[in-house]
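Q: The file below is upload-v3.cif, mmCIF, C-alpha atoms and all ligand atoms:
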```
data_target
loop_
_atom_site.label_atom_id
_atom_site.label_comp_id
_atom_site.auth_asym_id
_atom_site.auth_seq_id
_atom_site.Cartn_x
_atom_site.Cartn_y
_atom_site.Cartn_z
CA MET J 9 15.41 -14.03 -7.52
CA ARG J 10 13.41 -12.33 -4.84
CA ALA J 11 11.42 -9.23 -5.56
CA HIS J 12 10.40 -6.97 -2.72
CA SER J 13 8.81 -3.85 -3.93
CA GLU J 14 8.32 -2.41 -0.54
CA ARG J 15 10.26 -3.73 2.37
CA ASN J 16 11.85 -2.51 5.52
CA PHE J 17 10.60 1.01 5.41
CA ARG J 18 7.40 0.99 7.33
CA GLU J 19 8.57 0.25 10.83
CA HIS J 20 11.12 3.00 10.51
CA GLY J 21 8.65 5.13 8.66
CA SER J 22 6.45 5.55 11.64
CA ILE J 23 9.28 6.79 13.81
CA LEU J 24 12.34 8.07 12.02
CA PRO J 25 11.05 10.80 9.74
CA SER J 26 9.30 12.58 12.56
CA MET J 27 11.73 12.26 15.43
CA SER J 28 15.38 12.95 15.88
CA GLY J 29 17.59 10.71 17.97
CA ASP J 30 16.65 12.41 21.19
CA GLY J 31 12.97 12.04 20.43
CA HIS J 32 11.86 15.56 19.56
CA PHE J 33 9.83 16.19 16.45
CA GLU J 34 11.50 17.49 13.36
CA GLY J 35 9.99 19.48 10.56
CA PRO J 36 10.23 18.83 6.84
CA PRO J 37 13.65 18.60 5.19
CA PRO J 38 15.16 21.70 3.54
CA GLY J 39 13.30 22.64 0.36
CA ALA J 40 10.05 20.94 1.38
CA ARG J 41 6.91 22.85 2.34
CA PRO J 42 5.48 22.69 5.88
CA ASP J 43 3.17 19.86 4.74
CA TRP J 44 6.27 18.01 3.47
CA THR J 45 5.32 18.35 -0.21
CA ILE J 46 7.85 19.30 -2.88
CA ASP J 47 7.61 20.05 -6.59
CA GLN J 48 7.68 16.91 -8.68
CA ASN J 49 10.16 18.69 -10.98
CA TRP J 50 9.23 16.36 -13.81
CA ASP J 51 11.72 17.90 -16.26
CA ALA J 52 14.60 16.81 -14.03
CA TYR J 53 14.08 13.05 -14.49
CA SER J 54 16.82 11.52 -16.62
CA ARG J 55 16.41 9.17 -19.56
CA ALA J 56 17.58 6.35 -17.26
CA ASP J 57 14.86 7.27 -14.71
CA HIS J 58 12.15 7.09 -17.38
CA ASP J 59 13.56 3.79 -18.61
CA VAL J 60 13.26 2.30 -15.12
CA TRP J 61 9.57 3.27 -15.08
CA ILE J 62 9.00 1.77 -18.52
CA THR J 63 10.76 -1.48 -17.60
CA LEU J 64 8.76 -1.88 -14.40
CA TYR J 65 5.52 -0.82 -16.07
CA GLU J 66 5.86 -3.30 -18.90
CA ARG J 67 6.74 -6.14 -16.56
CA GLN J 68 3.67 -5.55 -14.40
CA ALA J 69 1.31 -4.73 -17.26
CA ALA J 70 2.11 -8.11 -18.81
CA LEU J 71 1.56 -9.94 -15.53
CA LEU J 72 -1.53 -8.28 -14.10
CA PRO J 73 -4.45 -9.02 -16.46
CA GLY J 74 -6.27 -11.93 -14.82
CA ARG J 75 -4.45 -11.22 -11.54
CA ALA J 76 -5.24 -7.63 -10.59
CA ALA J 77 -8.77 -6.60 -9.66
CA ASP J 78 -10.88 -4.84 -12.27
CA PRO J 79 -10.98 -1.46 -10.49
CA PHE J 80 -7.17 -1.45 -10.51
CA LEU J 81 -6.92 -2.34 -14.21
CA LYS J 82 -9.62 0.18 -15.07
CA GLY J 83 -7.80 2.89 -13.14
CA LEU J 84 -4.53 2.07 -14.82
CA GLU J 85 -6.25 2.47 -18.17
CA ALA J 86 -8.06 5.68 -17.20
CA LEU J 87 -4.86 7.39 -16.06
CA ASP J 88 -2.77 6.24 -18.99
CA LEU J 89 0.30 5.81 -16.83
CA HIS J 90 2.39 4.47 -19.63
CA ARG J 91 2.88 7.33 -22.02
CA ALA J 92 6.53 8.36 -22.05
CA GLY J 93 7.90 7.03 -18.81
CA ILE J 94 7.39 8.60 -15.39
CA PRO J 95 4.02 10.32 -15.34
CA ASP J 96 3.71 14.04 -14.81
CA PHE J 97 1.51 14.59 -11.72
CA ALA J 98 -0.02 17.69 -13.30
CA ARG J 99 -1.38 15.51 -16.09
CA ILE J 100 -2.69 12.60 -14.02
CA ASN J 101 -4.22 14.97 -11.49
CA GLU J 102 -6.55 16.45 -14.11
CA GLU J 103 -8.16 13.06 -14.68
CA LEU J 104 -7.96 11.89 -11.08
CA ARG J 105 -9.54 15.09 -9.77
CA ARG J 106 -12.34 14.72 -12.28
CA LEU J 107 -12.98 11.07 -11.36
CA THR J 108 -12.88 11.11 -7.55
CA GLY J 109 -11.53 14.46 -6.35
CA TRP J 110 -8.16 12.95 -5.36
CA THR J 111 -4.79 14.41 -6.29
CA VAL J 112 -1.25 13.12 -6.07
CA VAL J 113 1.35 15.31 -4.35
CA ALA J 114 5.11 14.77 -4.39
CA VAL J 115 7.05 14.15 -1.16
CA PRO J 116 10.76 13.43 -0.63
CA GLY J 117 10.08 10.01 0.94
CA LEU J 118 8.35 8.79 4.07
CA VAL J 119 6.51 11.49 5.94
CA PRO J 120 5.45 11.46 9.61
CA ASP J 121 2.22 9.62 10.36
CA ASP J 122 0.22 12.73 11.24
CA VAL J 123 1.29 14.46 8.02
CA PHE J 124 0.45 11.34 6.01
CA PHE J 125 -3.02 11.08 7.53
CA ASP J 126 -3.67 14.77 7.01
CA HIS J 127 -3.02 14.43 3.29
CA LEU J 128 -5.25 11.36 2.99
CA ALA J 129 -8.07 13.01 4.93
CA ASN J 130 -7.93 15.79 2.33
CA ARG J 131 -7.85 13.40 -0.61
CA ARG J 132 -4.21 14.01 -1.40
CA PHE J 133 -1.99 10.98 -1.89
CA PRO J 134 1.66 11.67 -0.99
CA ALA J 135 3.90 9.94 -3.52
CA GLY J 136 7.68 9.62 -3.40
CA GLN J 137 9.21 11.88 -6.06
CA PHE J 138 12.24 9.68 -6.75
CA ILE J 139 12.53 6.43 -8.70
CA ARG J 140 14.62 3.40 -7.80
CA LYS J 141 17.95 2.77 -9.57
CA PRO J 142 18.18 0.28 -12.45
CA GLU J 143 20.17 -2.09 -10.20
CA GLU J 144 17.42 -2.19 -7.56
CA LEU J 145 14.35 -2.99 -9.63
CA ASP J 146 13.12 -5.57 -7.16
CA TYR J 147 14.07 -4.12 -3.83
CA LEU J 148 13.83 -0.77 -2.17
CA GLN J 149 14.01 0.68 1.30
CA GLU J 150 11.35 3.35 0.89
CA PRO J 151 8.33 3.63 -1.35
CA ASP J 152 9.34 5.30 -4.62
CA ILE J 153 7.23 6.82 -7.37
CA PHE J 154 6.66 3.48 -9.06
CA HIS J 155 5.24 1.83 -5.96
CA ASP J 156 3.28 4.92 -4.98
CA VAL J 157 1.87 5.90 -8.37
CA PHE J 158 1.60 2.60 -10.24
CA GLY J 159 0.63 0.71 -7.06
CA HIS J 160 -1.69 3.11 -5.28
CA VAL J 161 -3.09 5.67 -7.67
CA PRO J 162 -5.16 3.43 -9.99
CA MET J 163 -7.35 2.33 -7.05
CA LEU J 164 -7.98 5.99 -6.18
CA THR J 165 -10.02 6.29 -9.39
CA ASP J 166 -12.61 3.96 -7.81
CA PRO J 167 -15.24 6.04 -5.95
CA VAL J 168 -15.68 3.55 -3.09
CA PHE J 169 -11.97 2.99 -2.56
CA ALA J 170 -11.46 6.76 -2.80
CA ASP J 171 -13.85 7.23 0.13
CA TYR J 172 -12.16 4.43 2.08
CA MET J 173 -8.76 6.07 1.79
CA GLN J 174 -10.08 9.42 2.93
CA ALA J 175 -11.85 7.78 5.89
CA TYR J 176 -8.62 5.97 6.73
CA GLY J 177 -6.82 9.31 6.93
CA GLU J 178 -9.42 10.63 9.35
CA GLY J 179 -9.29 7.39 11.31
CA GLY J 180 -5.50 7.59 11.44
CA ARG J 181 -5.54 10.90 13.26
CA ARG J 182 -7.99 9.41 15.72
CA ALA J 183 -5.97 6.22 16.26
CA LEU J 184 -2.88 8.32 16.92
CA GLY J 185 -4.75 10.18 19.64
CA LEU J 186 -6.02 6.94 21.16
CA GLY J 187 -2.64 5.20 21.04
CA ARG J 188 -3.89 2.42 18.72
CA LEU J 189 -2.03 3.29 15.54
CA HIS J 190 -0.34 -0.14 15.45
CA ASN J 191 -3.79 -1.74 15.19
CA LEU J 192 -4.98 0.61 12.46
CA ALA J 193 -1.71 0.26 10.54
CA ARG J 194 -2.46 -3.47 10.21
CA LEU J 195 -5.76 -2.64 8.56
CA TYR J 196 -3.90 -0.47 6.03
CA TRP J 197 -1.30 -3.12 5.49
CA TYR J 198 -3.72 -5.99 4.90
CA THR J 199 -6.04 -3.96 2.66
CA VAL J 200 -4.43 -0.99 0.90
CA GLU J 201 -1.01 -2.65 0.63
CA PHE J 202 -1.65 -6.40 0.50
CA GLY J 203 -5.38 -6.89 -0.02
CA LEU J 204 -7.07 -9.55 -2.16
CA LEU J 205 -10.58 -9.37 -3.60
CA GLU J 206 -12.96 -12.30 -4.14
CA THR J 207 -14.58 -12.34 -7.58
CA PRO J 208 -16.63 -14.93 -9.53
CA GLN J 209 -13.48 -15.53 -11.60
CA GLY J 210 -11.33 -16.20 -8.52
CA LEU J 211 -9.10 -14.15 -6.22
CA ARG J 212 -7.73 -10.87 -7.54
CA ILE J 213 -5.13 -8.44 -6.22
CA TYR J 214 -5.95 -4.88 -5.25
CA GLY J 215 -3.12 -4.18 -2.75
CA ALA J 216 -0.46 -1.73 -3.93
CA GLY J 217 2.43 -3.64 -2.36
CA ILE J 218 1.49 -6.67 -4.45
CA VAL J 219 0.66 -5.07 -7.79
CA SER J 220 3.92 -3.12 -7.80
CA SER J 221 6.02 -6.25 -7.11
CA ARG J 222 6.66 -8.81 -9.82
CA ALA J 223 7.39 -11.73 -7.50
CA GLU J 224 4.64 -11.02 -4.99
CA SER J 225 2.05 -10.65 -7.80
CA ILE J 226 2.66 -14.35 -8.38
CA PHE J 227 3.28 -15.47 -4.80
CA ALA J 228 0.17 -13.79 -3.36
CA LEU J 229 -2.18 -15.69 -5.67
CA ASP J 230 -0.37 -18.89 -6.65
CA ASP J 231 2.05 -19.97 -3.95
CA PRO J 232 0.83 -22.71 -1.57
CA SER J 233 2.69 -21.18 1.40
CA PRO J 234 0.56 -18.28 2.66
CA ASN J 235 -2.85 -18.49 4.29
CA ARG J 236 -5.63 -16.72 2.42
CA LEU J 237 -8.43 -15.88 4.83
CA GLY J 238 -11.69 -13.98 4.77
CA PHE J 239 -11.36 -10.38 5.90
CA ASP J 240 -12.59 -9.66 9.41
CA LEU J 241 -11.88 -6.18 10.75
CA GLU J 242 -10.97 -7.05 14.33
CA ARG J 243 -9.11 -10.18 13.34
CA VAL J 244 -6.98 -8.17 10.93
CA MET J 245 -6.21 -5.52 13.53
CA CYS J 246 -4.88 -8.30 15.83
CA THR J 247 -2.56 -9.78 13.18
CA PRO J 248 1.08 -8.67 12.88
CA TYR J 249 2.66 -8.42 9.43
CA ARG J 250 5.93 -8.96 7.58
CA ILE J 251 7.67 -5.81 6.42
CA ASP J 252 10.72 -7.49 4.96
CA ASP J 253 9.37 -10.46 3.04
CA PHE J 254 6.30 -11.94 1.37
CA GLN J 255 3.25 -11.99 3.60
CA GLN J 256 2.39 -15.16 5.53
CA VAL J 257 -1.29 -14.33 5.35
CA TYR J 258 -3.49 -12.38 2.93
CA PHE J 259 -7.02 -11.28 3.74
CA VAL J 260 -9.77 -11.47 1.14
CA ILE J 261 -12.61 -8.94 0.92
CA PRO J 262 -15.88 -9.79 -0.87
CA SER J 263 -16.18 -6.25 -2.28
CA LEU J 264 -14.75 -2.77 -1.85
CA GLN J 265 -18.14 -1.61 -0.58
CA SER J 266 -18.09 -4.21 2.21
CA LEU J 267 -14.64 -2.96 3.23
CA LEU J 268 -15.84 0.62 3.37
CA ASP J 269 -18.99 -0.41 5.27
CA ALA J 270 -16.98 -2.34 7.87
CA THR J 271 -14.84 0.70 8.59
CA LEU J 272 -17.61 3.29 8.87
CA GLN J 273 -18.43 2.17 12.43
CA ASP J 274 -16.87 3.87 15.43
CA PHE J 275 -13.55 2.15 16.19
CA ALA J 276 -13.32 3.36 19.80
CA PRO J 277 -15.08 0.26 21.26
CA ILE J 278 -12.96 -1.96 19.02
CA TYR J 279 -9.77 -0.27 20.19
CA ALA J 280 -10.91 -0.78 23.79
CA ARG J 281 -11.35 -4.50 23.15
CA LEU J 282 -8.01 -4.73 21.34
CA ALA J 283 -6.24 -3.10 24.26
CA ALA J 284 -7.28 -6.11 26.36
CA ALA J 285 -6.79 -8.77 23.66
CA SER J 286 -3.59 -10.44 22.53
CA ASP J 287 -2.28 -10.61 18.97
CA VAL J 288 -3.04 -13.56 16.72
CA PRO J 289 0.13 -15.40 15.62
CA ILE J 290 0.93 -14.44 12.06
CA GLU J 291 0.56 -17.97 10.66
CA ALA J 292 -2.56 -18.94 12.64
CA VAL J 293 -5.79 -20.20 11.13
CA LEU J 294 -8.63 -19.75 13.64
CA PRO J 295 -11.83 -21.82 13.85
CA THR J 296 -13.72 -18.63 13.04
CA ASP J 297 -11.70 -17.87 9.89
CA ARG J 298 -13.20 -18.29 6.45
CA VAL J 299 -10.42 -20.26 4.76
CA PHE J 300 -9.64 -19.74 1.07
CA THR J 301 -6.22 -21.38 1.40
CA ARG J 302 -4.74 -23.13 4.39
CA GLY J 303 -1.14 -22.36 3.60
CA THR J 304 1.74 -24.77 4.06
CA GLN J 305 3.95 -21.89 5.32
CA ALA J 306 6.75 -23.71 3.50
CA TYR J 307 8.30 -20.46 2.25
CA ALA J 308 8.45 -18.85 5.69
CA LYS J 309 9.59 -22.08 7.38
CA ALA J 310 12.47 -22.39 4.92
CA GLY J 311 13.68 -18.95 6.02
CA GLY J 312 11.99 -16.75 3.44
CA ARG J 313 14.13 -14.46 1.34
CA THR J 314 17.19 -15.07 3.48
CA ALA J 315 17.12 -18.75 2.46
CA ALA J 316 16.83 -19.20 -1.31
C1 LIG F 401 0.88 3.87 9.43
C2 LIG F 401 1.11 4.75 8.26
O1 LIG F 401 0.26 4.30 7.22
C3 LIG F 401 2.58 4.77 7.77
O2 LIG F 401 3.48 4.70 8.82
C4 LIG F 401 2.82 5.99 6.91
C5 LIG F 401 3.93 6.90 7.36
N1 LIG F 401 4.41 7.78 6.34
C6 LIG F 401 4.26 7.50 5.03
N2 LIG F 401 4.81 8.33 4.11
C7 LIG F 401 4.71 8.05 2.83
N3 LIG F 401 5.26 8.89 1.93
N4 LIG F 401 4.06 6.95 2.38
C8 LIG F 401 3.48 6.07 3.25
O3 LIG F 401 2.88 5.06 2.83
C9 LIG F 401 3.58 6.33 4.63
N5 LIG F 401 3.02 5.51 5.57
N1 LIG F 402 -14.37 4.45 11.55
C1 LIG F 402 -13.01 4.57 12.00
C2 LIG F 402 -12.17 5.37 11.03
C3 LIG F 402 -11.71 4.59 9.82
C4 LIG F 402 -12.41 4.61 8.62
C5 LIG F 402 -11.97 3.90 7.52
C6 LIG F 402 -10.82 3.18 7.59
C7 LIG F 402 -10.12 3.15 8.77
C8 LIG F 402 -10.57 3.84 9.87
C9 LIG F 402 -12.94 5.20 13.42
O1 LIG F 402 -13.94 5.41 14.05
O2 LIG F 402 -11.88 5.44 13.90
FE FE F 403 2.36 1.78 -0.24
#
```
Please rewrite the model in this file as structure tokens.
A:
Amino acid sequence: MRAHSERNFREHGSILPSMSGDGHFEGPPPGARPDWTIDQNWDAYSRADHDVWITLYERQAALLPGRAADPFLKGLEALDLHRAGIPDFARINEELRRLTGWTVVAVPGLVPDDVFFDHLANRRFPAGQFIRKPEELDYLQEPDIFHDVFGHVPMLTDPVFADYMQAYGEGGRRALGLGRLHNLARLYWYTVEFGLLETPQGLRIYGAGIVSSRAESIFALDDPSPNRLGFDLERVMCTPYRIDDFQQVYFVIPSLQSLLDATLQDFAPIYARLAAASDVPIEAVLPTDRVFTRGTQAYAKAGGRTAA
């Protein structure tokens, strides 16, 4: 079985929600506020919806000790995301606001890039209000509440990561203006979504796209296929990514602080260099890379999820 907690939505996400077919910008859907938020309407979730949360939660909670990074596990604990199914944002926001000043806001699904960045820059994390159906536990087209809340919100309880996400939101608005969003999106992808952390006990997961996926929680750490390489900001921004299958490369940071430090510099000169540089092939290992794993790429070569 293949589990893909978060596939196929991102490429569309950066275009479709904001533009109609003829390319003009659309506003929020009916019922949503101008900033695209909606009420979570927690009372409206069905028993079946809550059961999906509980099933997914228990699966991941059993798998993640010894795999997920400590700040993630600590955040999961602090927010007590397990109580009676889908968490009520009003409840988790009390604790989250107290810890790092972040809040979670409900949105109908993907929101336009500028709206997304504006929320992050103001320490609001937009989370999908809906939950996947019981028959699609391992695959979904758009990020739902399980991916967004279980995957992303625990890390927002960490003060350093909290600052990184806010800075990313500010940087996103800037990248949009400079026409380099595709480069910055790779940074988000290879850190916030699919990042690994080096610890004395070994590699640990902190990326939301991994921790919310059963199969990728195993693949990202244990499979011999993908490369696992030391994080380098410019290198990452030159590396394309897979939106529809397991990653072919994961980047490892030595600490959250080092990630934040690397991104505090002005990206304008980096963007200027990237405009003249070419992308690095997704499976490449460069002489300058710090290699944790030189992957076999067997999984990708065999055709990935379309094969098995
Ligand atoms: C590049 C940017 O991170 C990405 O395209 C945005 C767009 N809109 C989004 N909207 C939601 N709700 N969640 C997301 O993760 C994103 N990602
Ligand atoms: N420092 C970046 C902004 C940024 C911060 C943190 C993460 C990503 C981007 C810039 O000058 O654009
Ligand atoms: Fe995500």
Q: Of the candidates J:Gly312, J:Pro167, J:Pro134, J:Pro234, which shows the shortest atom-to-atom distance to Arg105 of chain J, using all atoms listed in the file?
A: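 Using all atoms listed in the file, the shortest distance to Arg105 of chain J belongs to J:Pro167.
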Q: Taking all atoms listed in the file into account, which residues are within 9 Å of ligand LIG 402 (chain F), as a list in words?
A: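 The distance check yields Asp171, Tyr172, Met173, Gln174, Ala175, Tyr176, Gly177, Glu178, Gly179, Gly180, Arg181, Arg182, Ala183, Leu192, Leu195, Tyr196, Leu267, Leu268, Asp269, Ala270, Thr271, Leu272, Gln273, Asp274, Phe275, Ala276, Pro277, Ile278 and Tyr279 of chain J.
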Q: Out of J:Val257, J:Val115, J:Leu148, J:Ala135, which residue has the shortest atom-to-atom distance to Ala40 of chain J when counting all atoms listed in the file?
A: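 Of J:Val257, J:Val115, J:Leu148, J:Ala135, the one nearest Ala40 of chain J, counting all atoms listed in the file, is J:Val115.
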Q: Output as a tab-separated table one row per residue of chain J within 10 Å of ligand LIG 401 (chain F): the closest atom pair and its distance in Å to one decimal place, counting all atoms listed in the file, sorted by chain and residue number ascending.
A:
```
residue	atom	partner	partner_atom	distance
J:Glu14	CA	F:LIG401	O3	9.8
J:Phe17	CA	F:LIG401	O2	8.7
J:Arg18	CA	F:LIG401	O2	5.6
J:Glu19	CA	F:LIG401	O2	7.1
J:His20	CA	F:LIG401	O2	8.0
J:Gly21	CA	F:LIG401	O2	5.2
J:Ser22	CA	F:LIG401	O2	4.2
J:Ile23	CA	F:LIG401	O2	7.9
J:Leu24	CA	F:LIG401	C5	9.7
J:Pro25	CA	F:LIG401	N1	8.0
J:Ser26	CA	F:LIG401	N1	9.3
J:Trp44	CA	F:LIG401	N3	9.3
J:Thr45	CA	F:LIG401	N3	9.7
J:Val113	CA	F:LIG401	N3	9.8
J:Ala114	CA	F:LIG401	N3	8.6
J:Val115	CA	F:LIG401	N3	6.4
J:Pro116	CA	F:LIG401	N3	7.6
J:Gly117	CA	F:LIG401	N3	5.0
J:Leu118	CA	F:LIG401	N2	3.6
J:Val119	CA	F:LIG401	N2	4.0
J:Pro120	CA	F:LIG401	N1	5.0
J:Asp121	CA	F:LIG401	C5	4.4
J:Asp122	CA	F:LIG401	C5	7.9
J:Val123	CA	F:LIG401	N1	7.6
J:Phe124	CA	F:LIG401	N1	5.3
J:Phe125	CA	F:LIG401	O1	7.5
J:His127	CA	F:LIG401	N2	10.0
J:Leu128	CA	F:LIG401	O1	9.9
J:Phe133	CA	F:LIG401	N4	8.4
J:Pro134	CA	F:LIG401	N3	5.4
J:Ala135	CA	F:LIG401	N3	5.7
J:Gly136	CA	F:LIG401	N3	5.9
J:Gln137	CA	F:LIG401	N3	9.4
J:Glu150	CA	F:LIG401	N4	8.3
J:Pro151	CA	F:LIG401	N4	6.6
J:Asp152	CA	F:LIG401	N3	8.5
J:Ile153	CA	F:LIG401	N3	9.7
J:His155	CA	F:LIG401	O3	9.7
J:Asp156	CA	F:LIG401	N4	7.7
J:His160	CA	F:LIG401	O3	9.5
J:Tyr176	CA	F:LIG401	O1	9.0
J:Gly177	CA	F:LIG401	O1	8.7
J:Gly180	CA	F:LIG401	C1	7.7
J:Ala183	CA	F:LIG401	C1	10.0
J:Leu184	CA	F:LIG401	C1	9.5
J:Leu189	CA	F:LIG401	C1	6.8
J:His190	CA	F:LIG401	C1	7.3
J:Asn191	CA	F:LIG401	C1	9.3
J:Leu192	CA	F:LIG401	C1	7.4
J:Ala193	CA	F:LIG401	C1	4.6
J:Arg194	CA	F:LIG401	C1	8.1
J:Leu195	CA	F:LIG401	O1	9.3
J:Tyr196	CA	F:LIG401	O1	6.4
J:Trp197	CA	F:LIG401	O1	7.8
J:Val200	CA	F:LIG401	O1	9.5
J:Glu201	CA	F:LIG401	O3	8.9
```
Q: I'd like the interatomic distance between atom CA of Leu205 of chain J and atom CA of Gly74 of chain J, to a tenth of an Å.
A: 12.3 Å
Q: In Å, how far is it from atom CA of Arg212 of chain J to atom CA of Ile100 of chain J?
A: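 Answer for the atom CA of Arg212 of chain J to atom CA of Ile100 of chain J separation: 24.9 Å.
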Q: May I ask which of the residues J:Pro162, J:Pro79, J:Pro142, J:Gly93 is the closest one to Val112 of chain J, counting all atoms listed in the file?
A: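 Closest to Val112 of chain J of all the choices is J:Pro162.
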Q: If you measure from atom CA of Phe138 of chain J to atom CA of Thr63 of chain J, what distance in Å do you get, rounded to one decimal?
A: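 Straight-line distance from atom CA of Phe138 of chain J to atom CA of Thr63 of chain J works out to 15.6 Å.
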Q: Pick out the closest residue to ligand FE 403 (chain F) from this set: J:Phe227, J:Tyr198, J:Tyr307, J:Phe254. Count all atoms listed in the file.
A: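 Between J:Phe227, J:Tyr198, J:Tyr307, J:Phe254, the residue approaching ligand FE 403 (chain F) most closely is J:Tyr198.
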Q: Under the rule that only C-alpha atoms and all ligand atoms are counted, which of J:Gln149, J:Pro295, J:Leu81, J:Gln209 is the nearest residue to ligand FE 403 (chain F)?
A: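 Checking each of J:Gln149, J:Pro295, J:Leu81, J:Gln209 against ligand FE 403 (chain F), counting only C-alpha atoms and all ligand atoms, the winner is J:Gln149.
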Q: Of the residues J:Arg236, J:Arg222, J:Arg250, J:Arg132, which is the one nearest to Asp43 of chain J, using all atoms listed in the file?
A: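 Nearest candidate to Asp43 of chain J out of J:Arg236, J:Arg222, J:Arg250, J:Arg132: J:Arg132.
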Q: Extending 5 Å beyond the listed atoms of segment 191-194 of chain J on each side, what axis-aligned box results? I want centre and edge lengths in Å to one decimal, as AutoDock Vina command-line options.
A:
```
--center_x -3.3 --center_y -1.4 --center_z 12.7 --size_x 13.3 --size_y 14.1 --size_z 15.0
```
Q: Give me the residues within 9 Å of segment 206-208 of chain J as number ranges by chain, counting all atoms listed in the file and dropping any in the same chain fewer than 5 places off.
A: J: 77, 213, 260-263
Q: Near Glu103 of chain J, within 12 Å and counting all atoms listed in the file, which residues show up once chain neighbours fewer than 2 positions away are dropped, as number ranges by chain?
A: J: 83-89, 96-101, 105-112, 161-162, 164-165
